[in-house]
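**Q** Got target_1.pdb for you, PDB, C-alpha atoms:
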ATOM      1  CA  MET A   1     134.689 112.884  92.494
ATOM      2  CA  LYS A   2     136.232 112.748  95.946
ATOM      3  CA  THR A   3     135.928 115.680  98.323
ATOM      4  CA  ASP A   4     139.121 117.626  99.014
ATOM      5  CA  THR A   5     139.228 117.031 102.770
ATOM      6  CA  ALA A   6     142.141 119.426 103.212
ATOM      7  CA  THR A   7     139.804 122.161 101.965
ATOM      8  CA  HIS A   8     136.596 120.948 103.592
ATOM      9  CA  PHE A   9     138.018 119.904 106.958
ATOM     10  CA  PRO A  10     140.484 122.583 108.107
ATOM     11  CA  ASP A  11     142.890 121.577 110.856
ATOM     12  CA  ALA A  12     141.368 124.368 112.965
ATOM     13  CA  TYR A  13     138.274 122.161 113.375
ATOM     14  CA  LEU A  14     140.275 119.411 115.122
ATOM     15  CA  LEU A  15     141.102 119.645 118.836
ATOM     16  CA  HIS A  16     141.813 115.984 119.586
ATOM     17  CA  GLN A  17     141.976 112.612 117.870
ATOM     18  CA  ASP A  18     142.829 109.105 119.015
ATOM     19  CA  GLU A  19     141.763 105.612 118.016
ATOM     20  CA  ASP A  20     138.395 105.979 119.778
ATOM     21  CA  LEU A  21     137.207 109.567 119.589
ATOM     22  CA  LEU A  22     137.409 112.921 117.865
ATOM     23  CA  VAL A  23     136.862 116.313 119.462
ATOM     24  CA  LEU A  24     135.858 118.852 116.821
ATOM     25  CA  ASP A  25     135.257 122.600 116.942
ATOM     26  CA  LYS A  26     132.238 123.286 114.731
ATOM     27  CA  PRO A  27     131.813 126.738 113.185
ATOM     28  CA  ALA A  28     128.440 128.466 113.344
ATOM     29  CA  GLY A  29     126.319 127.811 110.255
ATOM     30  CA  LEU A  30     127.568 124.273 109.574
ATOM     31  CA  LEU A  31     125.132 121.407 110.119
ATOM     32  CA  CYS A  32     126.222 118.546 112.385
ATOM     33  CA  VAL A  33     124.412 115.926 110.285
ATOM     34  CA  PRO A  34     122.810 116.094 106.829
ATOM     35  CA  GLY A  35     119.496 117.911 106.517
ATOM     36  CA  ARG A  36     116.710 117.326 104.038
ATOM     37  CA  GLY A  37     117.518 118.175 100.443
ATOM     38  CA  PRO A  38     120.737 118.251  98.417
ATOM     39  CA  ASP A  39     121.497 121.799  99.566
ATOM     40  CA  LYS A  40     121.827 120.500 103.147
ATOM     41  CA  SER A  41     124.123 117.549 102.500
ATOM     42  CA  ASP A  42     127.316 119.303 103.593
ATOM     43  CA  CYS A  43     127.840 118.847 107.333
ATOM     44  CA  LEU A  44     130.434 118.247 110.024
ATOM     45  CA  SER A  45     129.827 114.500 110.283
ATOM     46  CA  LEU A  46     130.222 113.968 106.515
ATOM     47  CA  ARG A  47     133.428 115.991 106.421
ATOM     48  CA  ALA A  48     134.774 114.041 109.396
ATOM     49  CA  GLU A  49     133.816 110.677 107.870
ATOM     50  CA  GLN A  50     135.687 111.571 104.689
ATOM     51  CA  ARG A  51     138.841 112.304 106.674
ATOM     52  CA  TRP A  52     138.385 109.510 109.259
ATOM     53  CA  PRO A  53     136.427 106.691 107.547
ATOM     54  CA  GLY A  54     133.992 105.081 109.957
ATOM     55  CA  ALA A  55     133.617 108.162 112.206
ATOM     56  CA  LEU A  56     130.233 108.076 113.981
ATOM     57  CA  VAL A  57     127.908 110.719 115.386
ATOM     58  CA  VAL A  58     127.481 110.815 119.177
ATOM     59  CA  HIS A  59     125.602 114.089 119.764
ATOM     60  CA  ARG A  60     124.740 117.281 117.892
ATOM     61  CA  LEU A  61     124.747 121.050 118.077
ATOM     62  CA  ASP A  62     122.234 123.270 116.313
ATOM     63  CA  GLN A  63     123.420 124.529 112.943
ATOM     64  CA  ALA A  64     123.576 128.085 114.306
ATOM     65  CA  THR A  65     125.581 127.090 117.410
ATOM     66  CA  SER A  66     129.380 126.896 117.348
ATOM     67  CA  GLY A  67     131.730 124.878 119.500
ATOM     68  CA  LEU A  68     132.782 121.453 120.708
ATOM     69  CA  VAL A  69     131.379 118.244 119.238
ATOM     70  CA  LEU A  70     132.389 114.641 120.016
ATOM     71  CA  MET A  71     132.470 111.900 117.404
ATOM     72  CA  ALA A  72     133.407 108.240 117.864
ATOM     73  CA  ARG A  73     135.928 106.338 115.750
ATOM     74  CA  ASN A  74     134.271 102.921 116.184
ATOM     75  CA  PRO A  75     130.912 101.431 117.265
ATOM     76  CA  LEU A  76     132.162 100.389 120.714
ATOM     77  CA  ALA A  77     133.270 103.937 121.511
ATOM     78  CA  GLN A  78     130.019 105.312 120.110
ATOM     79  CA  ARG A  79     127.967 103.110 122.453
ATOM     80  CA  ALA A  80     130.094 104.060 125.460
ATOM     81  CA  LEU A  81     129.932 107.782 124.711
ATOM     82  CA  SER A  82     126.197 107.684 123.983
ATOM     83  CA  THR A  83     125.619 105.942 127.320
ATOM     84  CA  ALA A  84     127.754 108.551 129.085
ATOM     85  CA  PHE A  85     125.630 111.329 127.565
ATOM     86  CA  ALA A  86     122.390 109.565 128.512
ATOM     87  CA  GLU A  87     123.609 109.106 132.097
ATOM     88  CA  ARG A  88     124.768 112.751 132.281
ATOM     89  CA  ARG A  89     128.412 111.810 132.770
ATOM     90  CA  VAL A  90     129.528 114.178 130.010
ATOM     91  CA  HIS A  91     129.641 117.696 131.439
ATOM     92  CA  LYS A  92     129.000 120.538 128.996
ATOM     93  CA  ARG A  93     129.409 124.288 129.357
ATOM     94  CA  TYR A  94     128.302 126.996 126.958
ATOM     95  CA  GLN A  95     128.688 130.747 126.736
ATOM     96  CA  ALA A  96     125.989 133.015 125.365
ATOM     97  CA  MET A  97     125.312 136.704 124.971
ATOM     98  CA  VAL A  98     121.692 137.558 125.726
ATOM     99  CA  GLN A  99     119.550 140.644 125.361
ATOM    100  CA  GLY A 100     119.203 142.940 128.351
ATOM    101  CA  ALA A 101     120.733 143.014 131.801
ATOM    102  CA  LEU A 102     119.749 139.638 133.222
ATOM    103  CA  GLN A 103     119.067 139.974 136.934
ATOM    104  CA  THR A 104     120.450 137.246 139.130
ATOM    105  CA  GLU A 105     117.289 137.526 141.231
ATOM    106  CA  LEU A 106     115.470 135.619 138.468
ATOM    107  CA  GLY A 107     116.796 132.380 139.948
ATOM    108  CA  VAL A 108     117.755 131.023 143.359
ATOM    109  CA  GLN A 109     121.538 130.843 143.335
ATOM    110  CA  ASP A 110     123.874 128.352 144.925
ATOM    111  CA  GLY A 111     127.168 129.311 146.539
ATOM    112  CA  ALA A 112     128.948 129.436 143.180
ATOM    113  CA  GLY A 113     126.459 131.831 141.633
ATOM    114  CA  TRP A 114     124.512 129.258 139.608
ATOM    115  CA  ALA A 115     120.749 129.564 139.189
ATOM    116  CA  THR A 116     118.457 126.993 137.541
ATOM    117  CA  ILE A 117     115.746 127.254 134.896
ATOM    118  CA  ASP A 118     113.318 124.355 135.339
ATOM    119  CA  LEU A 119     110.725 124.605 132.559
ATOM    120  CA  PRO A 120     109.360 121.652 130.530
ATOM    121  CA  ILE A 121     109.831 121.800 126.764
ATOM    122  CA  ALA A 122     107.644 120.330 124.017
ATOM    123  CA  ALA A 123     107.655 120.401 120.220
ATOM    124  CA  ASP A 124     105.488 123.069 118.616
ATOM    125  CA  TRP A 125     103.970 120.780 116.006
ATOM    126  CA  GLN A 126     102.225 123.596 114.157
ATOM    127  CA  ARG A 127     105.476 125.570 113.799
ATOM    128  CA  ARG A 128     108.193 122.942 113.536
ATOM    129  CA  PRO A 129     111.108 122.998 114.255
ATOM    130  CA  LEU A 130     110.169 125.410 117.059
ATOM    131  CA  ARG A 131     109.904 124.280 120.674
ATOM    132  CA  VAL A 132     107.738 125.784 123.402
ATOM    133  CA  ILE A 133     107.409 125.764 127.173
ATOM    134  CA  ASP A 134     104.529 123.382 127.905
ATOM    135  CA  THR A 135     103.773 122.645 131.546
ATOM    136  CA  GLU A 136     101.231 119.942 130.637
ATOM    137  CA  HIS A 137     102.911 117.952 127.871
ATOM    138  CA  GLY A 138     106.530 119.109 127.922
ATOM    139  CA  LYS A 139     109.499 116.965 128.926
ATOM    140  CA  PRO A 140     111.390 117.948 132.090
ATOM    141  CA  SER A 141     114.194 120.347 131.147
ATOM    142  CA  GLN A 142     116.747 122.053 133.382
ATOM    143  CA  THR A 143     119.437 124.601 132.592
ATOM    144  CA  GLN A 144     121.879 126.108 135.071
ATOM    145  CA  TRP A 145     123.179 129.616 134.374
ATOM    146  CA  ARG A 146     125.372 132.264 135.920
ATOM    147  CA  VAL A 147     126.265 135.790 134.938
ATOM    148  CA  LEU A 148     129.831 136.391 133.732
ATOM    149  CA  SER A 149     129.420 140.072 132.853
ATOM    150  CA  THR A 150     126.637 142.534 132.112
ATOM    151  CA  ASP A 151     125.894 146.041 130.915
ATOM    152  CA  ALA A 152     122.726 147.979 130.228
ATOM    153  CA  ASN A 153     121.957 146.126 126.997
ATOM    154  CA  THR A 154     123.495 142.644 127.131
ATOM    155  CA  THR A 155     124.605 139.904 129.515
ATOM    156  CA  ARG A 156     127.287 137.257 129.028
ATOM    157  CA  LEU A 157     126.262 133.934 130.568
ATOM    158  CA  GLU A 158     127.845 130.597 131.312
ATOM    159  CA  LEU A 159     125.310 127.813 130.795
ATOM    160  CA  ALA A 160     125.235 124.207 131.972
ATOM    161  CA  PRO A 161     122.391 122.124 130.484
ATOM    162  CA  LEU A 162     121.333 119.333 132.847
ATOM    163  CA  THR A 163     119.074 117.817 130.189
ATOM    164  CA  GLY A 164     119.501 117.750 126.430
ATOM    165  CA  ARG A 165     116.278 118.897 124.780
ATOM    166  CA  THR A 166     116.269 120.322 121.278
ATOM    167  CA  HIS A 167     116.859 124.114 121.390
ATOM    168  CA  GLN A 168     116.832 123.910 125.197
ATOM    169  CA  LEU A 169     119.164 126.818 125.941
ATOM    170  CA  ARG A 170     117.506 129.044 123.357
ATOM    171  CA  VAL A 171     113.984 128.271 124.573
ATOM    172  CA  HIS A 172     114.826 128.644 128.265
ATOM    173  CA  LEU A 173     116.546 132.004 127.879
ATOM    174  CA  ALA A 174     113.763 133.342 125.662
ATOM    175  CA  ALA A 175     111.275 132.227 128.354
ATOM    176  CA  LEU A 176     113.172 134.376 130.874
ATOM    177  CA  GLY A 177     112.706 137.356 128.568
ATOM    178  CA  HIS A 178     116.402 137.398 127.589
ATOM    179  CA  PRO A 179     116.765 135.675 124.194
ATOM    180  CA  ILE A 180     120.224 134.924 122.870
ATOM    181  CA  LEU A 181     121.554 137.621 120.545
ATOM    182  CA  GLY A 182     121.141 136.738 116.883
ATOM    183  CA  ASP A 183     118.537 134.034 117.523
ATOM    184  CA  ALA A 184     116.401 133.832 114.382
ATOM    185  CA  LEU A 185     113.913 131.400 115.968
ATOM    186  CA  TYR A 186     113.299 132.710 119.495
ATOM    187  CA  GLY A 187     114.607 136.270 119.420
ATOM    188  CA  ASP A 188     115.637 139.054 117.063
ATOM    189  CA  PRO A 189     118.147 137.986 114.389
ATOM    190  CA  ALA A 190     119.074 141.628 113.820
ATOM    191  CA  THR A 191     120.772 141.849 117.231
ATOM    192  CA  ALA A 192     123.909 140.000 116.027
ATOM    193  CA  PRO A 193     125.366 138.644 112.773
ATOM    194  CA  ARG A 194     125.018 135.079 114.112
ATOM    195  CA  LEU A 195     123.578 133.213 117.088
ATOM    196  CA  LEU A 196     125.897 134.103 119.977
ATOM    197  CA  LEU A 197     125.900 130.641 121.565
ATOM    198  CA  HIS A 198     129.073 128.561 121.824
ATOM    199  CA  ALA A 199     129.769 125.116 123.296
ATOM    200  CA  MET A 200     132.962 126.008 125.121
ATOM    201  CA  ARG A 201     133.832 123.071 127.380
ATOM    202  CA  LEU A 202     133.448 119.284 127.477
ATOM    203  CA  ALA A 203     134.575 117.040 130.330
ATOM    204  CA  LEU A 204     134.276 113.256 130.174
ATOM    205  CA  ASN A 205     136.005 109.957 130.862
ATOM    206  CA  HIS A 206     137.747 108.375 127.898
ATOM    207  CA  PRO A 207     135.532 105.507 126.624
ATOM    208  CA  ARG A 208     138.414 102.996 126.574
ATOM    209  CA  THR A 209     140.908 104.047 129.262
ATOM    210  CA  GLY A 210     138.653 105.896 131.707
ATOM    211  CA  GLU A 211     141.114 108.818 131.756
ATOM    212  CA  ARG A 212     139.449 112.114 132.664
ATOM    213  CA  LEU A 213     139.515 114.479 129.680
ATOM    214  CA  GLN A 214     138.598 118.136 129.400
ATOM    215  CA  PHE A 215     138.509 120.261 126.268
ATOM    216  CA  VAL A 216     138.020 124.025 126.019
ATOM    217  CA  SER A 217     137.212 126.271 123.056
ATOM    218  CA  PRO A 218     136.892 129.978 123.898
ATOM    219  CA  PRO A 219     134.043 131.760 122.088
ATOM    220  CA  ASP A 220     134.968 134.239 119.346
ATOM    221  CA  PHE A 221     132.356 136.783 120.482
TER     222      PHE A 221
END
Mind turning the file's structure into C-alpha cells?

**A**
Amino acid sequence: MKTDTATHFPDAYLLHQDEDLLVLDKPAGLLCVPGRGPDKSDCLSLRAEQRWPGALVVHRLDQATSGLVLMARNPLAQRALSTAFAERRVHKRYQAMVQGALQTELGVQDGAGWATIDLPIAADWQRRPLRVIDTEHGKPSQTQWRVLSTDANTTRLELAPLTGRTHQLRVHLAALGHPILGDALYGDPATAPRLLLHAMRLALNHPRTGERLQFVSPPDF
C-alpha cells in the first residue's frame, strides 16, 4: 500500500525545491533517517523520497531538534553538497533556550558578541548514544554562541557550529552548565515540552549554478 504523501509530507515542511536540492523544515520528534526497528521507520528522508523519488540525504538533525534540512535530488548534487559541508562552506545558525542566565564572561567575545566553546567530544561507549567532553580522545569541536536575550532563569542563544559532531550543541552547552531546555539526554526534560533547539538558517552556494542561497525558519519557541 502506498503512503499518502499529501498526509505524510505537509506542504509546511517544504521551503524550497528545484531540480538539484530540497530545503525542508523538520518538526521536532521526527527522525531524519530510519532508526533501528519497525517503530522507527518513519522519517523525513523516507517521506521526502516518496514525494520526490531519488531524493538523497546530505546531512541530519537529531530527532529532537527542529529546523532546516537539505536533501539532494540527484547523486551529483549530493556529492557537491556533501563536499560543501565537509569544507565548511555551508553556514548554519541555530537558536536555543538554555537554563539559567548565561554570562557572556564565560567566553572571549569578538566585536559582534560571539564567544567560542572549544571542547573535544567523544562517544560515551558505555552509555551510547551519549557523547562526552574528552580532552584525551575527543575530536576537536568548536561552537560559537552569542546571547540574544536573558532573564533570571533562561537565556536565548544564537549558535554557529564550526564543526559537526553528534550532539555537539547539546554537549557543549551542558558542559558550560547551561543545558538546553527540554534536553532528555544532557539536561532536565521537565524544563520544556520538547528540546528547545532549532536550526534556523542555512546559507550555501547552489551546487549547480553557484548562486548564493539563504533560507530562514524562525523558531516556534

**Q** Please, what distance in Å, to one decimal, runs between CA of Ser217 (chain A) and CA of Leu169 (chain A)?

**A**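 Distance reported for this atom pair: 18.3 Å.
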
**Q** Could you list, as a ChimeraX atom specification, every residue within 12 Å of Phe85 (chain A), counting all atoms listed in the file and ignoring same-chain residues fewer than 4 positions away?

**A** /A:58-60,70,78-81,89-92,161-164,202-205,207

**Q** Contacts of Asp18 (chain A) at 10 Å or less, counting all atoms listed in the file, minus same-chain residues fewer than 4 places along, as a PyMOL selection string?

**A** chain A and resi 22-23+72-73

**Q** For Gln99 (chain A), work out the shell of residues within 8 Å, counting only C-alpha atoms and skipping chain neighbours fewer than 4 positions away, then give it as a PDB file with C-alpha atoms, in the coordinates of the input.

**A**
ATOM      1  CA  ASN A 153     121.957 146.126 126.997  1.00  0.00           C
ATOM      2  CA  THR A 154     123.495 142.644 127.131  1.00  0.00           C
ATOM      3  CA  THR A 155     124.605 139.904 129.515  1.00  0.00           C
ATOM      4  CA  HIS A 178     116.402 137.398 127.589  1.00  0.00           C
ATOM      5  CA  PRO A 179     116.765 135.675 124.194  1.00  0.00           C
ATOM      6  CA  ILE A 180     120.224 134.924 122.870  1.00  0.00           C
ATOM      7  CA  LEU A 181     121.554 137.621 120.545  1.00  0.00           C
TER       8      LEU A 181
END

**Q** Could you jot down the CA of Met71 (chain A) to CA of Pro219 (chain A) separation for me, Å, one decimal place?

**A** 20.5 Å

**Q** Using all atoms listed in the file, determine which residues lie at most 7 Å from Leu197 (chain A), disregarding the query and same-chain residues fewer than 3 positions distant; provide the list as an mmCIF file with C-alpha atoms, keeping the file's coordinate frame.

**A**
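This went into out-v8.cif:
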data_model
loop_
_atom_site.group_PDB
_atom_site.id
_atom_site.type_symbol
_atom_site.label_atom_id
_atom_site.label_comp_id
_atom_site.auth_asym_id
_atom_site.auth_seq_id
_atom_site.Cartn_x
_atom_site.Cartn_y
_atom_site.Cartn_z
ATOM 1 C CA THR A 65 125.581 127.090 117.410
ATOM 2 C CA SER A 66 129.380 126.896 117.348
ATOM 3 C CA TYR A 94 128.302 126.996 126.958
ATOM 4 C CA GLN A 95 128.688 130.747 126.736
ATOM 5 C CA ALA A 96 125.989 133.015 125.365
ATOM 6 C CA MET A 97 125.312 136.704 124.971
#

**Q** Taking all atoms listed in the file into account, which of A:Leu21, A:Phe9, A:Asp62, A:Asp188 comes nearest Leu213 (chain A)?

**A**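 Closest candidate: A:Leu21.
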
**Q** For Leu15 (chain A), please output as a compact mmCIF listing (two decimals) with C-alpha atoms, keeping the file's coordinate frame all residues within 8 Å (counting all atoms listed in the file; exclusion window: fewer than 2 positions along the same chain).

**A**
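File written: result-v8.txt
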# COMPACT_ATOMS: atom_id res chain seq x y z
CA ALA A 12 141.37 124.37 112.96
CA TYR A 13 138.27 122.16 113.38
CA GLN A 17 141.98 112.61 117.87
CA LEU A 22 137.41 112.92 117.86
CA VAL A 23 136.86 116.31 119.46
CA LEU A 24 135.86 118.85 116.82
CA ASP A 25 135.26 122.60 116.94
CA PHE A 215 138.51 120.26 126.27

**Q** Can you work out the spacing between CA of Gly100 (chain A) and CA of Thr150 (chain A) in Å, to one decimal?

**A**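 For CA of Gly100 (chain A) relative to CA of Thr150 (chain A), the distance reads 8.3 Å.
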
**Q** Which residue, A:Cys43, A:Leu14, A:Val98, A:Ala28, has the smallest gap to Ala174 (chain A) when you use only C-alpha atoms?

**A**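 Among the listed residues, the smallest separation from Ala174 (chain A) belongs to A:Val98.
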